[in-house]
Structure formats: structure tokens, C-alpha cells
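Visitor: Dropping in entry_25.pdb, with PDB, C-alpha atoms, pLDDT in the B column.
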```
ATOM      1  CA  MET F   1     -49.842  91.455 -32.309  1.00 95.00           C
ATOM      2  CA  ILE F   2     -53.417  91.862 -33.490  1.00 95.00           C
ATOM      3  CA  VAL F   3     -54.489  90.904 -37.036  1.00 95.00           C
ATOM      4  CA  GLN F   4     -57.872  91.556 -38.683  1.00 94.00           C
ATOM      5  CA  ARG F   5     -57.871  89.874 -42.129  1.00 94.00           C
ATOM      6  CA  SER F   6     -61.406  90.664 -43.328  1.00 94.00           C
ATOM      7  CA  GLY F   7     -64.770  91.841 -42.096  1.00 95.00           C
ATOM      8  CA  LYS F   8     -65.257  94.596 -39.534  1.00 96.00           C
ATOM      9  CA  LEU F   9     -63.335  95.638 -36.429  1.00 95.00           C
ATOM     10  CA  LYS F  10     -64.532  98.217 -33.906  1.00 96.00           C
ATOM     11  CA  VAL F  11     -62.204  99.310 -31.089  1.00 96.00           C
ATOM     12  CA  GLU F  12     -63.489 101.869 -28.580  1.00 96.00           C
ATOM     13  CA  ASN F  13     -62.217 103.287 -25.284  1.00 97.00           C
ATOM     14  CA  SER F  14     -59.224 100.939 -25.232  1.00 96.00           C
ATOM     15  CA  SER F  15     -55.567 101.073 -24.213  1.00 96.00           C
ATOM     16  CA  PHE F  16     -52.764  98.858 -25.484  1.00 96.00           C
ATOM     17  CA  ASP F  17     -49.315  98.732 -23.888  1.00 97.00           C
ATOM     18  CA  SER F  18     -46.185  96.958 -25.133  1.00 96.00           C
ATOM     19  CA  LEU F  19     -47.691  95.409 -28.269  1.00 95.00           C
ATOM     20  CA  ARG F  20     -45.107  94.061 -30.676  1.00 95.00           C
ATOM     21  CA  ASN F  21     -44.944  92.694 -34.181  1.00 94.00           C
ATOM     22  CA  ILE F  22     -44.458  88.951 -34.654  1.00 94.00           C
ATOM     23  CA  ASN F  23     -42.825  87.732 -37.856  1.00 91.00           C
ATOM     24  CA  VAL F  24     -45.286  85.379 -39.555  1.00 92.00           C
ATOM     25  CA  LYS F  25     -43.693  83.508 -42.456  1.00 92.00           C
ATOM     26  CA  GLY F  26     -45.263  84.340 -45.816  1.00 91.00           C
ATOM     27  CA  THR F  27     -46.752  87.678 -44.703  1.00 89.00           C
ATOM     28  CA  ASN F  28     -45.630  91.278 -44.755  1.00 84.00           C
ATOM     29  CA  TRP F  29     -47.444  92.370 -41.614  1.00 89.00           C
ATOM     30  CA  THR F  30     -45.442  95.266 -40.170  1.00 88.00           C
ATOM     31  CA  GLY F  31     -47.745  96.487 -37.426  1.00 91.00           C
ATOM     32  CA  SER F  32     -48.491  95.643 -33.871  1.00 94.00           C
ATOM     33  CA  ILE F  33     -52.089  95.983 -35.125  1.00 95.00           C
ATOM     34  CA  ASN F  34     -52.610  94.900 -38.764  1.00 94.00           C
ATOM     35  CA  ILE F  35     -55.880  95.684 -40.531  1.00 92.00           C
ATOM     36  CA  ILE F  36     -56.065  93.850 -43.868  1.00 91.00           C
ATOM     37  CA  ASN F  37     -58.976  93.877 -46.365  1.00 89.00           C
ATOM     38  CA  SER F  38     -61.251  95.134 -43.594  1.00 91.00           C
ATOM     39  CA  TYR F  39     -63.388  97.983 -42.370  1.00 90.00           C
ATOM     40  CA  SER F  40     -62.358  99.316 -38.988  1.00 91.00           C
ATOM     41  CA  GLU F  41     -63.247 102.040 -36.525  1.00 91.00           C
ATOM     42  CA  PHE F  42     -60.867 103.114 -33.777  1.00 91.00           C
ATOM     43  CA  THR F  43     -62.294 105.629 -31.276  1.00 90.00           C
ATOM     44  CA  ASN F  44     -60.604 106.826 -28.074  1.00 90.00           C
ATOM     45  CA  VAL F  45     -57.669 104.425 -28.370  1.00 90.00           C
ATOM     46  CA  ASP F  46     -54.250 104.754 -26.696  1.00 90.00           C
ATOM     47  CA  LEU F  47     -51.206 102.779 -27.794  1.00 89.00           C
ATOM     48  CA  ARG F  48     -47.980 102.944 -25.762  1.00 90.00           C
ATOM     49  CA  ASN F  49     -44.535 101.371 -25.946  1.00 92.00           C
ATOM     50  CA  ILE F  50     -45.044  99.780 -29.356  1.00 90.00           C
ATOM     51  CA  ASN F  51     -42.270  97.579 -30.752  1.00 92.00           C
ATOM     52  CA  ALA F  52     -43.134  97.260 -34.450  1.00 90.00           C
ATOM     53  CA  GLU F  53     -42.441  99.028 -37.729  1.00 87.00           C
ATOM     54  CA  ASP F  54     -45.965 100.494 -37.442  1.00 86.00           C
ATOM     55  CA  ALA F  55     -48.170 100.839 -34.387  1.00 87.00           C
ATOM     56  CA  ILE F  56     -51.201 100.417 -36.683  1.00 88.00           C
ATOM     57  CA  ASN F  57     -50.809  99.082 -40.239  1.00 87.00           C
ATOM     58  CA  PHE F  58     -53.703  99.357 -42.711  1.00 85.00           C
ATOM     59  CA  VAL F  59     -53.576  97.366 -45.970  1.00 83.00           C
ATOM     60  CA  ASN F  60     -56.366  97.633 -48.560  1.00 82.00           C
ATOM     61  CA  SER F  61     -58.839  98.738 -45.908  1.00 84.00           C
ATOM     62  CA  LYS F  62     -61.398 101.402 -45.081  1.00 84.00           C
ATOM     63  CA  GLY F  63     -62.421 102.985 -41.833  1.00 84.00           C
ATOM     64  CA  ASN F  64     -62.132 105.849 -39.387  1.00 83.00           C
ATOM     65  CA  LEU F  65     -59.657 106.913 -36.716  1.00 82.00           C
ATOM     66  CA  ARG F  66     -60.965 109.240 -33.988  1.00 83.00           C
ATOM     67  CA  ASN F  67     -59.080 110.465 -30.945  1.00 82.00           C
ATOM     68  CA  ILE F  68     -56.047 108.191 -31.247  1.00 82.00           C
ATOM     69  CA  GLU F  69     -52.961 108.673 -29.066  1.00 84.00           C
ATOM     70  CA  ILE F  70     -49.721 106.833 -29.755  1.00 83.00           C
ATOM     71  CA  GLN F  71     -46.703 107.224 -27.486  1.00 85.00           C
ATOM     72  CA  ASN F  72     -43.280 105.638 -27.700  1.00 84.00           C
ATOM     73  CA  SER F  73     -43.658 103.830 -31.004  1.00 81.00           C
ATOM     74  CA  SER F  74     -40.356 102.357 -32.210  1.00 82.00           C
ATOM     75  CA  SER F  75     -41.021 103.581 -35.781  1.00 79.00           C
ATOM     76  CA  ASP F  76     -44.168 104.819 -37.602  1.00 77.00           C
ATOM     77  CA  ALA F  77     -47.315 105.401 -35.635  1.00 80.00           C
ATOM     78  CA  ILE F  78     -49.740 104.686 -38.492  1.00 82.00           C
ATOM     79  CA  ASP F  79     -49.096 103.184 -41.935  1.00 79.00           C
ATOM     80  CA  ILE F  80     -51.835 103.650 -44.527  1.00 74.00           C
ATOM     81  CA  ALA F  81     -51.353 101.974 -47.940  1.00 62.00           C
ATOM     82  CA  LEU F  82     -54.131 101.704 -50.559  1.00 56.00           C
ATOM     83  CA  ASN F  83     -56.765 102.665 -48.034  1.00 57.00           C
ATOM     84  CA  LEU F  84     -59.563 105.126 -47.425  1.00 62.00           C
ATOM     85  CA  ILE F  85     -59.123 106.028 -43.779  1.00 65.00           C
ATOM     86  CA  GLY F  86     -60.692 109.101 -42.214  1.00 64.00           C
ATOM     87  CA  CYS F  87     -58.412 110.685 -39.613  1.00 64.00           C
ATOM     88  CA  GLU F  88     -59.567 112.912 -36.766  1.00 58.00           C
ATOM     89  CA  THR F  89     -57.608 114.013 -33.669  1.00 55.00           C
ATOM     90  CA  ILE F  90     -54.486 111.900 -33.804  1.00 61.00           C
ATOM     91  CA  ALA F  91     -51.627 112.577 -31.403  1.00 57.00           C
ATOM     92  CA  ALA F  92     -48.409 110.634 -31.655  1.00 58.00           C
ATOM     93  CA  ALA F  93     -44.910 110.788 -30.251  1.00 56.00           C
ATOM     94  CA  PRO F  94     -42.912 107.978 -31.848  1.00 46.00           C
ATOM     95  CA  ALA F  95     -39.394 107.261 -30.627  1.00 47.00           C
ATOM     96  CA  ALA F  96     -37.896 107.390 -34.134  1.00 37.00           C
ATOM     97  CA  ALA F  97     -39.261 110.371 -36.024  1.00 40.00           C
ATOM     98  CA  GLU F  98     -37.408 111.908 -38.952  1.00 34.00           C
ATOM     99  CA  ASP F  99     -39.610 112.796 -41.919  1.00 29.00           C
ATOM    100  CA  LEU F 100     -42.403 115.284 -42.500  1.00 26.00           C
ATOM    101  CA  VAL F 101     -45.489 113.388 -43.631  1.00 36.00           C
ATOM    102  CA  ALA F 102     -48.956 114.759 -44.324  1.00 32.00           C
ATOM    103  CA  CYS F 103     -52.314 113.112 -44.033  1.00 36.00           C
ATOM    104  CA  ILE F 104     -53.766 114.254 -47.365  1.00 35.00           C
ATOM    105  CA  SER F 105     -56.780 113.702 -49.601  1.00 34.00           C
ATOM    106  CA  PRO F 106     -58.818 111.521 -49.385  1.00 42.00           C
ATOM    107  CA  PHE F 107     -57.967 111.848 -45.704  1.00 42.00           C
ATOM    108  CA  ASP F 108     -59.395 114.457 -43.369  1.00 39.00           C
ATOM    109  CA  ALA F 109     -56.656 115.412 -40.951  1.00 40.00           C
ATOM    110  CA  ILE F 110     -53.759 117.729 -40.205  1.00 38.00           C
ATOM    111  CA  ILE F 111     -50.157 117.960 -41.341  1.00 37.00           C
ATOM    112  CA  PHE F 112     -47.848 116.326 -38.835  1.00 41.00           C
ATOM    113  CA  SER F 113     -44.400 117.677 -38.009  1.00 37.00           C
ATOM    114  CA  LEU F 114     -42.913 114.247 -37.311  1.00 41.00           C
ATOM    115  CA  LYS F 115     -43.076 110.976 -39.189  1.00 45.00           C
ATOM    116  CA  ILE F 116     -46.059 109.473 -37.471  1.00 48.00           C
ATOM    117  CA  LEU F 117     -48.008 108.522 -40.560  1.00 51.00           C
ATOM    118  CA  SER F 118     -46.853 106.703 -43.686  1.00 51.00           C
ATOM    119  CA  VAL F 119     -49.151 107.181 -46.649  1.00 50.00           C
ATOM    120  CA  GLY F 120     -48.404 105.090 -49.732  1.00 49.00           C
ATOM    121  CA  ARG F 121     -49.842 103.711 -52.896  1.00 47.00           C
ATOM    122  CA  SER F 122     -48.737 100.115 -52.417  1.00 48.00           C
ATOM    123  CA  PRO F 123     -48.110  97.970 -49.345  1.00 48.00           C
ATOM    124  CA  HIS F 124     -45.012  96.451 -51.055  1.00 48.00           C
TER
END
```
Once you've parsed the file, please lay out its structure as C-alpha cells.

Guide:
Amino acid sequence: MIVQRSGKLKVENSSFDSLRNINVKGTNWTGSINIINSYSEFTNVDLRNINAEDAINFVNSKGNLRNIEIQNSSSDAIDIALNLIGCETIAAAPAAAEDLVACISPFDAIIFSLKILSVGRSPH
């Protein structure tokens, strides 16, 4: 599990395989990568075989996602709650996909046919 709790995070040209969520008492971190109160940029990033509620979980954060590929995520690929995240070229094939979810304003992306993106107003 990766956690960024403040500041800036830049991830480029990277691959992650078999990341998983770790239950940390007193937190509600649901991702294999958790971005909290931060600014982040993910460019040309592949995530595979993810064992977490979310492959990437954003909480109260800003940033950009460019050319992201997520394969074999056990649940959601990306969870965005109370964030301003720009989305561009995201491909995902989660293992458990049931709902139709759209990446909508203020996001710049496409409508997905599977539940790969959770967009909410509150992380709770």
C-alpha cells in the first residue's frame, strides 16, 4: 500500500503489480494507493492484480491522471471523493464491475461502461 498524506506526488512511467490495501487502525484508507490532502500527477502508469477496494483512492485532493491502465482490480479502479482530478486516457478492466459510472464535471474524461470509477461528494 502507498499513502501520500500531504504535499505533492508525481508518478511517471511506472508499473505496480499485486498492490494491496492494509487495514490501518483509525483510518478509512480503501486504496492500494491512497492520495489524501495532496496534489498528484500520474502519467503512463499501469496497475495490475490489485487487491483493495480501490486501486487508487483520492480524498480531498487535486491532480491529473494521464494514460492510466488498471487490470484485474478486485473492486473499483479509481475512487474520487471531494477532489478536482483531471482524467485523460484511462483504461480499466476490474474483476468486479457492475455499475455504470461517469467521469463528469469538473472532470475531463469519458463515460465508462463498467464501474471503474467512483465519484462521490464525501469520503465517508

Visitor: Report as an MDAnalysis selection string all protein, DNA and RNA residues lying within 6 Å of segment 45-48 of chain F, evaluated on only C-alpha atoms, omitting residues in the same chain fewer than 4 positions from it.

Guide: chainID F and resid 13:17 68:72

Visitor: Distance atom CA of Ala77 of chain F-atom CA of Val24 of chain F, one decimal place?

Guide: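 Atom-to-atom, atom CA of Ala77 of chain F to atom CA of Val24 of chain F, that is 20.5 Å.
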
Visitor: Would you pick out the contacts of Trp29 of chain F at 9 Å or less, using only C-alpha atoms, so that residues sharing its chain but fewer than 6 positions from it are not included, and give the list as a list in words?

Guide: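 Residues meeting the cut-off are Val3, Asn21, Ile22, Asn23 and Asn57 of chain F.
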
Visitor: Please, what distance in Å, to one decimal, runs between atom CA of Phe42 of chain F and atom CA of Ile56 of chain F?

Guide: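 Atom-to-atom, atom CA of Phe42 of chain F and atom CA of Ile56 of chain F are spaced 10.4 Å apart.
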
Visitor: Would you translate the PyMOL selection byres ((chain F and resi 59) around 6) into the concrete set of residues it matches in this file, as a list of chain:residue names?

Guide: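 Checking the PyMOL selection byres ((chain F and resi 59) around 6) against this file, the residues are F:Ile36, F:Phe58, F:Asn60, F:Ser61, F:Ala81.
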
Visitor: Take the residues that were just selected and, keeping C-alpha atoms, output them as a tab-separated table (two decimals), in the coordinates of the input.

Guide:
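Output contents, as saved in selection-v1.tsv:
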```
chain	number	residue	atom	x	y	z
F	36	ILE	CA	-56.06	93.85	-43.87
F	58	PHE	CA	-53.70	99.36	-42.71
F	60	ASN	CA	-56.37	97.63	-48.56
F	61	SER	CA	-58.84	98.74	-45.91
F	81	ALA	CA	-51.35	101.97	-47.94
```

Visitor: Atom CA of Asn49 of chain F and atom CA of Leu19 of chain F are how many Å apart?

Guide: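 Interatomic distance here is 7.1 Å.
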
Visitor: Let me make sure I understand: among F:Thr30, F:Ser38, F:Ser6, F:Asn44, which one has the smallest atom-to-atom distance to Asp76 of chain F if we use all atoms listed in the file?

Guide: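 Going through F:Thr30, F:Ser38, F:Ser6, F:Asn44 one by one, the smallest distance to Asp76 of chain F is for F:Thr30.
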